[in-house]
Amino acid sequence: MNTTYKTLFALIALFTITLTSCKEDDETTTPEDPTVNFSFTNPEASKMYGNGDTVHIDGMISWENEMHGYEITITNTSMDSVVFSKHAHEDGNTFHIHQAWKNDVMHHSDMKLTIDALTDHDGAKETKEIMFHCHPM
């Protein structure tokens, strides 16, 4: 009988140790970097531009950390070609962007404005895209 109690006690102790040692680790959350704020008034999404119209690129990029510049690109997605690009290597928390491109497409074209905020010198970036359309006439 004494051996039965010892065996039962050993099994209960082993079971208790197993339960308490297999707890899931506490989840620790790593705070994410804040997101970059893109605030653009032009071009308006889905707007149509005729041949010879000026496409204004007006807006602001801001971030609570220091950024290391920006890149803006207009791509004619119908022809898979870049029609405008601008790179600015500036350091700061806020960039005001005022650029323009004159529509000179020869065919109806879907266009994509890509704005990249460069968040470090190693190529990390956050991106905003605005789609619009250009007419050849």
# chains A, B, ... in the order shown; residues from 1 in each chain; ligands from 1
>>> residues_around(residues="His133 in chain A", least_positions_apart="5", cutoff="8 Å", atoms="only C-alpha atoms", output="short mmCIF file (atom, residue, chain, number, x, y, z; two decimals) with C-alpha atoms, in the first residue's frame")
data_model
loop_
_atom_site.label_atom_id
_atom_site.label_comp_id
_atom_site.auth_asym_id
_atom_site.auth_seq_id
_atom_site.Cartn_x
_atom_site.Cartn_y
_atom_site.Cartn_z
CA SER A 46 -9.71 58.85 -61.08
CA LYS A 47 -9.58 62.36 -62.59
CA MET A 48 -9.39 62.65 -66.40
CA TYR A 49 -6.78 64.88 -68.08
CA HIS A 108 -5.90 56.72 -73.80
CA SER A 109 -3.75 55.85 -70.83
CA ASP A 110 -4.25 54.79 -67.24
CA MET A 111 -1.69 56.58 -65.11
#
>>> select_by_dssp(residues="range 34-101 of chain A", states="strand (DSSP E)", output="MDAnalysis selection string")
chainID A and resid 37:42 48:49 54:67 70:76 81:88 92:101
>>> residues_around(residues="Leu118 in chain A", least_positions_apart="5", cutoff="8 Å", atoms="only C-alpha atoms", output="list of chain:residue names")
A:Met67, A:His68, A:Gly69, A:Tyr70, A:Glu71, A:Gly123, A:Ala124, A:Lys125, A:Glu126
>>> write_last_selection(atoms="N, CA and C atoms", output="PDB file, in the first residue's frame")
ATOM      1  N   MET A  67      12.691  61.553 -42.007  1.00  0.00           N
ATOM      2  CA  MET A  67      12.747  60.851 -43.291  1.00  0.00           C
ATOM      3  C   MET A  67      14.012  61.291 -44.023  1.00  0.00           C
ATOM      4  N   HIS A  68      14.342  60.547 -45.061  1.00  0.00           N
ATOM      5  CA  HIS A  68      15.584  60.817 -45.793  1.00  0.00           C
ATOM      6  C   HIS A  68      15.321  61.096 -47.265  1.00  0.00           C
ATOM      7  N   GLY A  69      14.175  61.681 -47.547  1.00  0.00           N
ATOM      8  CA  GLY A  69      13.857  62.083 -48.900  1.00  0.00           C
ATOM      9  C   GLY A  69      12.583  61.440 -49.401  1.00  0.00           C
ATOM     10  N   TYR A  70      12.309  61.694 -50.681  1.00  0.00           N
ATOM     11  CA  TYR A  70      11.125  61.124 -51.313  1.00  0.00           C
ATOM     12  C   TYR A  70      11.384  60.948 -52.804  1.00  0.00           C
ATOM     13  N   GLU A  71      10.561  60.120 -53.414  1.00  0.00           N
ATOM     14  CA  GLU A  71      10.581  59.914 -54.852  1.00  0.00           C
ATOM     15  C   GLU A  71       9.149  59.959 -55.338  1.00  0.00           C
ATOM     16  N   GLY A 123      17.012  52.087 -47.866  1.00  0.00           N
ATOM     17  CA  GLY A 123      15.995  51.777 -48.867  1.00  0.00           C
ATOM     18  C   GLY A 123      14.607  51.501 -48.337  1.00  0.00           C
ATOM     19  N   ALA A 124      14.403  51.552 -47.027  1.00  0.00           N
ATOM     20  CA  ALA A 124      13.063  51.348 -46.486  1.00  0.00           C
ATOM     21  C   ALA A 124      12.186  52.527 -46.894  1.00  0.00           C
ATOM     22  N   LYS A 125      10.922  52.226 -47.195  1.00  0.00           N
ATOM     23  CA  LYS A 125      10.031  53.285 -47.643  1.00  0.00           C
ATOM     24  C   LYS A 125       8.587  52.922 -47.384  1.00  0.00           C
ATOM     25  N   GLU A 126       7.755  53.948 -47.378  1.00  0.00           N
ATOM     26  CA  GLU A 126       6.305  53.770 -47.373  1.00  0.00           C
ATOM     27  C   GLU A 126       5.792  54.443 -48.633  1.00  0.00           C
TER      28      GLU A 126
END
>>> closest_residue(among="A:His87, A:His135, A:Lys112, A:Lys102", to="Asp53 in chain A", atoms="only C-alpha atoms")
A:Lys102
>>> atom_distance(atom1="CA of His121 in chain A", atom2="CA of Ser85 in chain A")
19.4 Å
>>> closest_residue(among="A:Asp104, A:Glu90, A:Glu32, A:Glu66", to="Gly50 in chain A", atoms="only C-alpha atoms")
A:Asp104
>>> residues_around(residues="Asn103 in chain A", least_positions_apart="2", cutoff="8 Å", atoms="only C-alpha atoms", output="PyMOL selection string")
chain A and resi 49-55+101+105+134
>>> atom_distance(atom1="CA of Thr77 in chain A", atom2="CA of Ile61 in chain A")
24.1 Å
>>> atom_distance(atom1="CA of Thr127 in chain A", atom2="CA of Gly59 in chain A")
13.7 Å
>>> residues_around(residues="Ala100 in chain A", least_positions_apart="6", cutoff="10 Å", atoms="only C-alpha atoms", output="ChimeraX atom specification")
/A:42-43,54-58,84
>>> write_last_selection(atoms="N, CA and C atoms", output="mmCIF file, in the first residue's frame")
data_model
loop_
_atom_site.group_PDB
_atom_site.id
_atom_site.type_symbol
_atom_site.label_atom_id
_atom_site.label_comp_id
_atom_site.auth_asym_id
_atom_site.auth_seq_id
_atom_site.Cartn_x
_atom_site.Cartn_y
_atom_site.Cartn_z
ATOM 1 N N ASN A 42 -3.698 66.987 -55.136
ATOM 2 C CA ASN A 42 -3.620 66.809 -56.584
ATOM 3 C C ASN A 42 -2.541 65.793 -56.907
ATOM 4 N N PRO A 43 -2.753 64.960 -57.894
ATOM 5 C CA PRO A 43 -3.968 64.845 -58.692
ATOM 6 C C PRO A 43 -5.054 64.102 -57.908
ATOM 7 N N THR A 54 -2.096 70.210 -67.621
ATOM 8 C CA THR A 54 -1.028 70.068 -66.637
ATOM 9 C C THR A 54 -1.543 69.263 -65.450
ATOM 10 N N VAL A 55 -0.832 68.214 -65.123
ATOM 11 C CA VAL A 55 -1.149 67.400 -63.945
ATOM 12 C C VAL A 55 -0.303 67.942 -62.800
ATOM 13 N N HIS A 56 -0.971 68.583 -61.845
ATOM 14 C CA HIS A 56 -0.267 69.133 -60.684
ATOM 15 C C HIS A 56 -0.139 68.054 -59.621
ATOM 16 N N ILE A 57 1.021 68.010 -59.009
ATOM 17 C CA ILE A 57 1.283 67.079 -57.902
ATOM 18 C C ILE A 57 1.514 67.949 -56.670
ATOM 19 N N ASP A 58 0.492 68.042 -55.842
ATOM 20 C CA ASP A 58 0.545 68.921 -54.672
ATOM 21 C C ASP A 58 0.186 68.132 -53.427
ATOM 22 N N PHE A 84 7.366 60.565 -65.884
ATOM 23 C CA PHE A 84 7.873 61.640 -65.024
ATOM 24 C C PHE A 84 8.447 61.013 -63.764
#
>>> residues_around(residues="Thr75 in chain A", least_positions_apart="5", cutoff="7 Å", atoms="only C-alpha atoms", output="list of chain:residue names")
A:Asp80, A:Ser81, A:Val82, A:Val83, A:Met111, A:Lys112, A:Leu113
>>> write_last_selection(atoms="N, CA and C atoms", output="mmCIF file, in the first residue's frame")
data_model
loop_
_atom_site.group_PDB
_atom_site.id
_atom_site.type_symbol
_atom_site.label_atom_id
_atom_site.label_comp_id
_atom_site.auth_asym_id
_atom_site.auth_seq_id
_atom_site.Cartn_x
_atom_site.Cartn_y
_atom_site.Cartn_z
ATOM 1 N N ASP A 80 3.237 50.833 -69.947
ATOM 2 C CA ASP A 80 4.308 50.357 -69.067
ATOM 3 C C ASP A 80 5.568 51.207 -69.217
ATOM 4 N N SER A 81 5.372 52.538 -69.071
ATOM 5 C CA SER A 81 6.526 53.433 -69.198
ATOM 6 C C SER A 81 6.424 54.564 -68.172
ATOM 7 N N VAL A 82 7.575 54.974 -67.677
ATOM 8 C CA VAL A 82 7.646 56.095 -66.744
ATOM 9 C C VAL A 82 7.695 57.375 -67.558
ATOM 10 N N VAL A 83 6.765 58.306 -67.263
ATOM 11 C CA VAL A 83 6.714 59.566 -68.014
ATOM 12 C C VAL A 83 7.229 60.747 -67.198
ATOM 13 N N MET A 111 -2.924 56.064 -65.696
ATOM 14 C CA MET A 111 -1.692 56.581 -65.115
ATOM 15 C C MET A 111 -1.662 56.276 -63.615
ATOM 16 N N LYS A 112 -0.440 56.112 -63.099
ATOM 17 C CA LYS A 112 -0.269 55.855 -61.662
ATOM 18 C C LYS A 112 0.808 56.794 -61.130
ATOM 19 N N LEU A 113 0.409 57.626 -60.172
ATOM 20 C CA LEU A 113 1.378 58.441 -59.441
ATOM 21 C C LEU A 113 1.803 57.640 -58.220
#
>>> closest_residue(among="A:Asp91, A:Thr119, A:Asn76, A:Met137", to="Pro34 in chain A", atoms="only C-alpha atoms")
A:Thr119
